[in-house]
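Take a look at the structure set out below.
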Amino acid sequence: MNTVLTDVLIIGGGPAGLAASIAAHEAGAKVLLIEREPRLGGILKQCIHDGFGLVRFKEKLSGPEYAERFIDVFREKGIPAMLQTFVTDAKKTPEGFETTVVNREGVTLIRSKSIVLATGCRERTAKQVSIHGTRPAGVFTAGTAQNFINLLGERPTKKCVILGSGDIGLIMARRLTLEGAEVLGVYEVKPTPSGLARNIQQCLRDFDIPLHLSHTVTRVFGDDRLTGVEVAKVDEHMKPIPGTEETLDCDALILSVGLIPENEISETLGVKLDPKTRGPLCNTDLQTSVPGVFSCGNSLQVFDLVDYVSDSGETAGKSAAAYAAGTLPQNDKSRAPVPLAEPAKDMAPNQMVCITCPRGCLLTVGRDEEGNLTVTGNSCPRGEQFALNEVTAPKRTICSTVATAFPEAPVLPCRVSTDIPKERIFEVMEEVNRVRVTKPVHRGEVLIHDVLGTGADVIATSDLLNE
């Protein structure tokens, strides 16, 4: 068995783990990152939509663009990583920690002074929300559907129902619509939506996709393949109301019913978990109940914004480096929870939700005594400009994929370089779907120049075969 010595072991190569690795390295610690997938970036590799980085970089980046900014720094600093590597055991010792991992090279024992858990989260499944019926093909979690369409280039449905109004479900409603699928509606068991107000606007209202609150899916139909679902209204206790059932013909049910932090390794190490968040109980240094074990990102709690995931990774990385060096001060203060997103608000005819940032301000457009347009409700100048554009010439961005000639990477994520007229979205999508990349491409490279005369280029948002 090989043995590796390091100061800080980071488990997980997504946005939290990357930020933790960089922070620990910059604090002077010897760092090793392990990741179970063949590429760094975590879930962001398949999150091709924009909206990432608005807090940290003041830019609208796609998921791959956001991740690769950290990956670039990670590589520039020469931080070592073991990919396609799985943890089989972890334990605390008098000297620190011993973590056993396995990969293609065999079994390795990693001895470290501290550990940062950045293992992310997983989706709840149909079994966990108790939907009755058979088990036909065609029931997907939103993340699985996203993986099919954004990484494999395969559309998993022609006509679907989405259960749950979390952000990933809303984003997939738009993505599937852009790829030609029919989304019959989004059904949410609670009386208010779960996702950000900006996503209700740009993913549902923009495409006339109905949102049914206080509704749920009660049954699925089909033997080999899903043929339909039964939906029903629910009461104040979220129990189906008899007599309100309706059957919808569809070939897929997409589940966006919540995320659960991945904490099997935490439990192996004896870390105490918060029964509410299902993540580790931590102090403000993000140290868990086991001294020397730190937690960050979505394994700590499910964050609404990746920017906050990175912030938590930096805190955990710095703290783990200080612990390894013996300089971490005693800190028994509990961590304050990150505020959750506000639900989308009902709007009057002259109101709109701003989509320029996650805040989702409710804007009101009126006219002054001279007939000039006025905007209220915005918390920044971008909101005012958005509202004026929305009234006179609404624009949107497009994030999609183009086909490639390479089986190992069948699609390449892309986006328009600037917003385009809203009414031209589907025309531009037709042009995007005609592209086939036949050579390696760098992030930011132009795939279509001035698409359909809109003034926007279609650019790659990830490297293709350049790693």
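Each chain in the structure tokens gets a letter, A, B and so on, in the order shown; residues start at 1 in every chain, and ligands are counted from 1 in the order they appear.
Using only C-alpha atoms, the residues found no farther than 10 Å from Gly292 of chain A, other than those of its own chain fewer than 6 positions away, are Val8, Lys92, Gly96, Phe97, Ser112, Lys113, Ser114, Ile115, Val116, Ser319, Ala320, Ala321, Ala322, Tyr323, Ala324 and Leu328 of chain A.
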Generate a file of the selected residues that holds C-alpha atoms, formatted as a CSV table (one decimal), in the first residue's frame.
```csv
chain,number,residue,atom,x,y,z
A,8,VAL,CA,-4.6,19.2,4.6
A,92,LYS,CA,-8.8,9.9,13.5
A,96,GLY,CA,-4.0,13.3,12.8
A,97,PHE,CA,-6.0,11.4,10.3
A,112,SER,CA,-3.0,14.3,7.1
A,113,LYS,CA,-3.2,16.7,10.0
A,114,SER,CA,-6.6,18.0,9.0
A,115,ILE,CA,-9.5,17.1,6.6
A,116,VAL,CA,-11.9,19.3,4.7
A,319,SER,CA,-9.1,27.1,9.1
A,320,ALA,CA,-7.8,23.6,8.2
A,321,ALA,CA,-4.4,25.1,7.3
A,322,ALA,CA,-4.2,26.9,10.6
A,323,TYR,CA,-5.2,23.7,12.5
A,324,ALA,CA,-2.5,21.8,10.7
A,328,LEU,CA,-6.1,27.8,14.9
```
Name all residues at most 8 Å from Cys121 of chain A (count only C-alpha atoms; drop same-chain ones fewer than 4 positions away) and give them as a ChimeraX atom specification.
/A:259-262,298-299,302
For Cys361 of chain A, work out the shell of residues within 9 Å, counting only C-alpha atoms and skipping chain neighbours fewer than 4 positions away, then give it as a list in words.
Ala197, Arg198, Met352, Val353, Cys354, Ile355, Cys357, Gly377, Asn378, Ser379 and Gly383 of chain A
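Nearest-residue note for Leu253 of chain A: choosing from A:Asp285, A:Asp311, A:Glu182, A:Glu65, the minimum distance belongs to A:Glu182, counting only C-alpha atoms.
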Of the candidates A:Ile43, A:Leu61, A:Leu300, A:Leu286, which shows the shortest atom-to-atom distance to Asn331 of chain A, using only C-alpha atoms?
A:Leu286
So which bits of segment 141-181 of chain A end up helix (DSSP H, G or I) when you DSSP the backbone, as a VMD selection string?
chain A and resid 142 to 150 167 to 178
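Running DSSP on the backbone and keeping only strand (DSSP E or B), the residues of segment 102-182 of chain A that qualify are Val102, Asn103, Gly106, Val107, Thr108, Leu109, Ile110, Arg111, Ser112, Lys113, Ser114, Ile115, Val116, Leu117, Cys121, Arg122, Glu123, His132, Gly133, Ala137, Val139, Phe140, Thr141, Lys159, Cys160, Val161, Ile162, Leu163 and Glu182 of chain A.
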Residues from the last selection, N, CA and C atoms, saved as a PDB file, in the first residue's frame:
```pdb
ATOM      1  N   VAL A 102      -8.933   4.425  -2.931  1.00  0.00           N
ATOM      2  CA  VAL A 102      -8.629   3.467  -3.984  1.00  0.00           C
ATOM      3  C   VAL A 102      -8.873   4.123  -5.337  1.00  0.00           C
ATOM      4  N   ASN A 103      -7.987   3.818  -6.283  1.00  0.00           N
ATOM      5  CA  ASN A 103      -8.144   4.270  -7.665  1.00  0.00           C
ATOM      6  C   ASN A 103      -7.465   3.260  -8.583  1.00  0.00           C
ATOM      7  N   GLY A 106      -4.344   1.561  -7.436  1.00  0.00           N
ATOM      8  CA  GLY A 106      -4.403   0.673  -6.280  1.00  0.00           C
ATOM      9  C   GLY A 106      -4.887   1.393  -5.035  1.00  0.00           C
ATOM     10  N   VAL A 107      -4.467   0.897  -3.873  1.00  0.00           N
ATOM     11  CA  VAL A 107      -4.899   1.436  -2.581  1.00  0.00           C
ATOM     12  C   VAL A 107      -3.809   2.353  -2.032  1.00  0.00           C
ATOM     13  N   THR A 108      -4.233   3.521  -1.519  1.00  0.00           N
ATOM     14  CA  THR A 108      -3.290   4.482  -0.955  1.00  0.00           C
ATOM     15  C   THR A 108      -3.772   4.902   0.432  1.00  0.00           C
ATOM     16  N   LEU A 109      -2.843   5.014   1.358  1.00  0.00           N
ATOM     17  CA  LEU A 109      -3.137   5.526   2.691  1.00  0.00           C
ATOM     18  C   LEU A 109      -2.642   6.968   2.752  1.00  0.00           C
ATOM     19  N   ILE A 110      -3.545   7.881   3.050  1.00  0.00           N
ATOM     20  CA  ILE A 110      -3.194   9.307   3.136  1.00  0.00           C
ATOM     21  C   ILE A 110      -3.197   9.713   4.602  1.00  0.00           C
ATOM     22  N   ARG A 111      -2.056  10.160   5.082  1.00  0.00           N
ATOM     23  CA  ARG A 111      -1.958  10.677   6.449  1.00  0.00           C
ATOM     24  C   ARG A 111      -1.970  12.201   6.391  1.00  0.00           C
ATOM     25  N   SER A 112      -2.899  12.803   7.109  1.00  0.00           N
ATOM     26  CA  SER A 112      -3.019  14.260   7.087  1.00  0.00           C
ATOM     27  C   SER A 112      -3.232  14.785   8.497  1.00  0.00           C
ATOM     28  N   LYS A 113      -2.969  16.079   8.676  1.00  0.00           N
ATOM     29  CA  LYS A 113      -3.177  16.722   9.977  1.00  0.00           C
ATOM     30  C   LYS A 113      -4.602  17.242  10.112  1.00  0.00           C
ATOM     31  N   SER A 114      -5.238  17.518   8.987  1.00  0.00           N
ATOM     32  CA  SER A 114      -6.632  17.978   9.002  1.00  0.00           C
ATOM     33  C   SER A 114      -7.316  17.523   7.721  1.00  0.00           C
ATOM     34  N   ILE A 115      -8.647  17.572   7.744  1.00  0.00           N
ATOM     35  CA  ILE A 115      -9.455  17.148   6.605  1.00  0.00           C
ATOM     36  C   ILE A 115     -10.529  18.198   6.347  1.00  0.00           C
ATOM     37  N   VAL A 116     -10.755  18.487   5.079  1.00  0.00           N
ATOM     38  CA  VAL A 116     -11.880  19.342   4.681  1.00  0.00           C
ATOM     39  C   VAL A 116     -12.846  18.485   3.867  1.00  0.00           C
ATOM     40  N   LEU A 117     -14.077  18.389   4.337  1.00  0.00           N
ATOM     41  CA  LEU A 117     -15.113  17.634   3.632  1.00  0.00           C
ATOM     42  C   LEU A 117     -15.874  18.578   2.712  1.00  0.00           C
ATOM     43  N   CYS A 121     -23.753  17.366  -2.400  1.00  0.00           N
ATOM     44  CA  CYS A 121     -25.057  16.822  -1.999  1.00  0.00           C
ATOM     45  C   CYS A 121     -25.615  15.947  -3.109  1.00  0.00           C
ATOM     46  N   ARG A 122     -26.688  15.249  -2.791  1.00  0.00           N
ATOM     47  CA  ARG A 122     -27.355  14.413  -3.782  1.00  0.00           C
ATOM     48  C   ARG A 122     -28.843  14.759  -3.799  1.00  0.00           C
ATOM     49  N   GLU A 123     -29.538  14.304  -4.840  1.00  0.00           N
ATOM     50  CA  GLU A 123     -30.951  14.627  -4.995  1.00  0.00           C
ATOM     51  C   GLU A 123     -31.838  13.588  -4.323  1.00  0.00           C
ATOM     52  N   HIS A 132     -46.861   6.840  -5.814  1.00  0.00           N
ATOM     53  CA  HIS A 132     -47.373   5.496  -6.027  1.00  0.00           C
ATOM     54  C   HIS A 132     -47.392   5.138  -7.516  1.00  0.00           C
ATOM     55  N   GLY A 133     -47.365   3.832  -7.775  1.00  0.00           N
ATOM     56  CA  GLY A 133     -47.441   3.332  -9.137  1.00  0.00           C
ATOM     57  C   GLY A 133     -46.344   2.335  -9.412  1.00  0.00           C
ATOM     58  N   ALA A 137     -39.455   3.306 -16.854  1.00  0.00           N
ATOM     59  CA  ALA A 137     -38.420   4.254 -17.276  1.00  0.00           C
ATOM     60  C   ALA A 137     -39.087   5.588 -17.545  1.00  0.00           C
ATOM     61  N   VAL A 139     -38.713   8.303 -15.185  1.00  0.00           N
ATOM     62  CA  VAL A 139     -38.726   9.097 -13.960  1.00  0.00           C
ATOM     63  C   VAL A 139     -37.278   9.482 -13.666  1.00  0.00           C
ATOM     64  N   PHE A 140     -36.983  10.777 -13.779  1.00  0.00           N
ATOM     65  CA  PHE A 140     -35.617  11.266 -13.622  1.00  0.00           C
ATOM     66  C   PHE A 140     -35.556  12.320 -12.521  1.00  0.00           C
ATOM     67  N   THR A 141     -34.451  12.371 -11.814  1.00  0.00           N
ATOM     68  CA  THR A 141     -34.193  13.570 -11.024  1.00  0.00           C
ATOM     69  C   THR A 141     -33.789  14.680 -11.994  1.00  0.00           C
ATOM     70  N   LYS A 159     -42.312  15.131 -23.825  1.00  0.00           N
ATOM     71  CA  LYS A 159     -43.389  15.810 -23.087  1.00  0.00           C
ATOM     72  C   LYS A 159     -43.288  15.383 -21.627  1.00  0.00           C
ATOM     73  N   CYS A 160     -43.140  16.343 -20.722  1.00  0.00           N
ATOM     74  CA  CYS A 160     -42.876  15.985 -19.337  1.00  0.00           C
ATOM     75  C   CYS A 160     -43.637  16.854 -18.349  1.00  0.00           C
ATOM     76  N   VAL A 161     -43.663  16.377 -17.123  1.00  0.00           N
ATOM     77  CA  VAL A 161     -44.153  17.110 -15.960  1.00  0.00           C
ATOM     78  C   VAL A 161     -42.985  17.242 -14.995  1.00  0.00           C
ATOM     79  N   ILE A 162     -42.858  18.412 -14.366  1.00  0.00           N
ATOM     80  CA  ILE A 162     -41.797  18.629 -13.375  1.00  0.00           C
ATOM     81  C   ILE A 162     -42.433  18.746 -12.000  1.00  0.00           C
ATOM     82  N   LEU A 163     -41.953  17.949 -11.065  1.00  0.00           N
ATOM     83  CA  LEU A 163     -42.435  17.990  -9.685  1.00  0.00           C
ATOM     84  C   LEU A 163     -41.395  18.701  -8.838  1.00  0.00           C
ATOM     85  N   GLU A 182     -41.868  19.588 -24.620  1.00  0.00           N
ATOM     86  CA  GLU A 182     -43.028  20.288 -24.079  1.00  0.00           C
ATOM     87  C   GLU A 182     -43.103  20.035 -22.574  1.00  0.00           C
TER      88      GLU A 182
END
```
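Using only C-alpha atoms, the smallest distance between any of A:Val306, A:Ile265, A:Ile10, A:Met1 and Ala67 of chain A comes from A:Val306.
Neighbouring residues of Glu423 of chain A at 10 Å or closer, counting only C-alpha atoms and skipping chain neighbours under 5 positions away, are Ala393, Pro394, Lys395, Arg396 and Val428 of chain A.
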Near Ala325 of chain A, counting only C-alpha atoms, which residues have an atom at most 9 Å away, once you skip same-chain residues fewer than 6 positions from it, shown as an NGL selection string?
:A and (7 or 28-29 or 113)
Okay, now the selection with C-alpha atoms, as an mmCIF file, in the first residue's frame?
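The result, stored in part.cif:
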```
data_model
loop_
_atom_site.group_PDB
_atom_site.id
_atom_site.type_symbol
_atom_site.label_atom_id
_atom_site.label_comp_id
_atom_site.auth_asym_id
_atom_site.auth_seq_id
_atom_site.Cartn_x
_atom_site.Cartn_y
_atom_site.Cartn_z
ATOM 1 C CA ASP A 7 -1.041 18.773 5.931
ATOM 2 C CA GLY A 28 1.171 27.819 3.581
ATOM 3 C CA ALA A 29 -0.184 24.301 4.002
ATOM 4 C CA LYS A 113 -3.177 16.722 9.977
#
```
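Within 7 Å of segment 272-282 of chain A, once only C-alpha atoms are used and residues closer than 6 positions along the same chain are dropped, the contacting residues are Pro261, Asn263, Thr288, Ser289, Ser295, Ser299, Leu300, Gln301, Ser334 and Arg335 of chain A.
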At a cut-off of 9 Å, using only C-alpha atoms, what residues contact Pro240 of chain A? Leave out same-chain residues fewer than 5 positions from it and give the result as a PyMOL selection string.
chain A and resi 215-216+218+231-235+245
Just N, CA and C atoms for this one: save the residues we selected as a PDB file, in the first residue's frame.
```pdb
ATOM      1  N   HIS A 215     -49.986  21.671  -5.293  1.00  0.00           N
ATOM      2  CA  HIS A 215     -50.288  20.497  -6.111  1.00  0.00           C
ATOM      3  C   HIS A 215     -49.138  19.498  -5.981  1.00  0.00           C
ATOM      4  N   THR A 216     -49.433  18.243  -6.194  1.00  0.00           N
ATOM      5  CA  THR A 216     -48.379  17.240  -6.207  1.00  0.00           C
ATOM      6  C   THR A 216     -48.738  16.119  -7.176  1.00  0.00           C
ATOM      7  N   THR A 218     -49.407  12.277  -7.564  1.00  0.00           N
ATOM      8  CA  THR A 218     -49.852  11.210  -6.665  1.00  0.00           C
ATOM      9  C   THR A 218     -49.646   9.809  -7.224  1.00  0.00           C
ATOM     10  N   VAL A 231     -51.984  14.066 -11.019  1.00  0.00           N
ATOM     11  CA  VAL A 231     -51.696  15.184 -10.133  1.00  0.00           C
ATOM     12  C   VAL A 231     -52.956  15.521  -9.346  1.00  0.00           C
ATOM     13  N   ALA A 232     -52.762  16.147  -8.191  1.00  0.00           N
ATOM     14  CA  ALA A 232     -53.908  16.518  -7.360  1.00  0.00           C
ATOM     15  C   ALA A 232     -53.550  17.736  -6.524  1.00  0.00           C
ATOM     16  N   LYS A 233     -54.583  18.489  -6.144  1.00  0.00           N
ATOM     17  CA  LYS A 233     -54.400  19.593  -5.205  1.00  0.00           C
ATOM     18  C   LYS A 233     -54.151  19.023  -3.813  1.00  0.00           C
ATOM     19  N   VAL A 234     -53.478  19.800  -2.970  1.00  0.00           N
ATOM     20  CA  VAL A 234     -53.236  19.376  -1.595  1.00  0.00           C
ATOM     21  C   VAL A 234     -53.811  20.402  -0.631  1.00  0.00           C
ATOM     22  N   ASP A 235     -54.109  19.939   0.599  1.00  0.00           N
ATOM     23  CA  ASP A 235     -54.635  20.847   1.612  1.00  0.00           C
ATOM     24  C   ASP A 235     -53.500  21.519   2.371  1.00  0.00           C
ATOM     25  N   GLU A 245     -58.130  14.988  -8.497  1.00  0.00           N
ATOM     26  CA  GLU A 245     -57.137  14.310  -9.330  1.00  0.00           C
ATOM     27  C   GLU A 245     -57.323  14.636 -10.813  1.00  0.00           C
TER      28      GLU A 245
END
```
Counting only C-alpha atoms, give me one row per residue of segment 339-433 of chain A with an atom at most 10 Å from an atom of segment 177-181 of chain A, showing the shortest contact pair and its distance in Å to one decimal, sorted by chain then residue number, as a Markdown table.
```
| residue | atom | partner | partner_atom | distance |
| --- | --- | --- | --- | --- |
| A:Ile398 | CA | A:Leu178 | CA | 9.2 |
| A:Cys399 | CA | A:Leu178 | CA | 9.7 |
| A:Ser400 | CA | A:Leu178 | CA | 8.5 |
| A:Thr401 | CA | A:Glu179 | CA | 9.9 |
| A:Ile425 | CA | A:Leu178 | CA | 8.4 |
| A:Phe426 | CA | A:Leu178 | CA | 7.0 |
| A:Met429 | CA | A:Leu178 | CA | 7.2 |
| A:Glu430 | CA | A:Glu179 | CA | 9.3 |
| A:Asn433 | CA | A:Glu179 | CA | 8.9 |
```
Would you please work out which residue, of A:Asp249, A:Arg219, A:Glu390, A:Pro407, is nearest to Pro421 of chain A when using only C-alpha atoms?
A:Glu390
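Atom pair atom CA of Ile448 of chain A / atom CA of Ala403 of chain A has a distance of 13.2 Å (rounded to one decimal).
For the pair atom CA of Pro15 of chain A and atom CA of Val73 of chain A, the separation is 12.2 Å.
Coordinates place atom CA of Asn350 of chain A at a distance of 10.1 Å from atom CA of Val375 of chain A.
Shortest atom-to-atom contact with Lys422 of chain A among A:Leu363, A:Asp304, A:Ile241, A:Asp206: A:Asp206, counting only C-alpha atoms.
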Residue with smallest distance to Glu35 of chain A - pool A:Val55, A:Val101, A:Val435, A:Ala456, counting only C-alpha atoms:
A:Val101
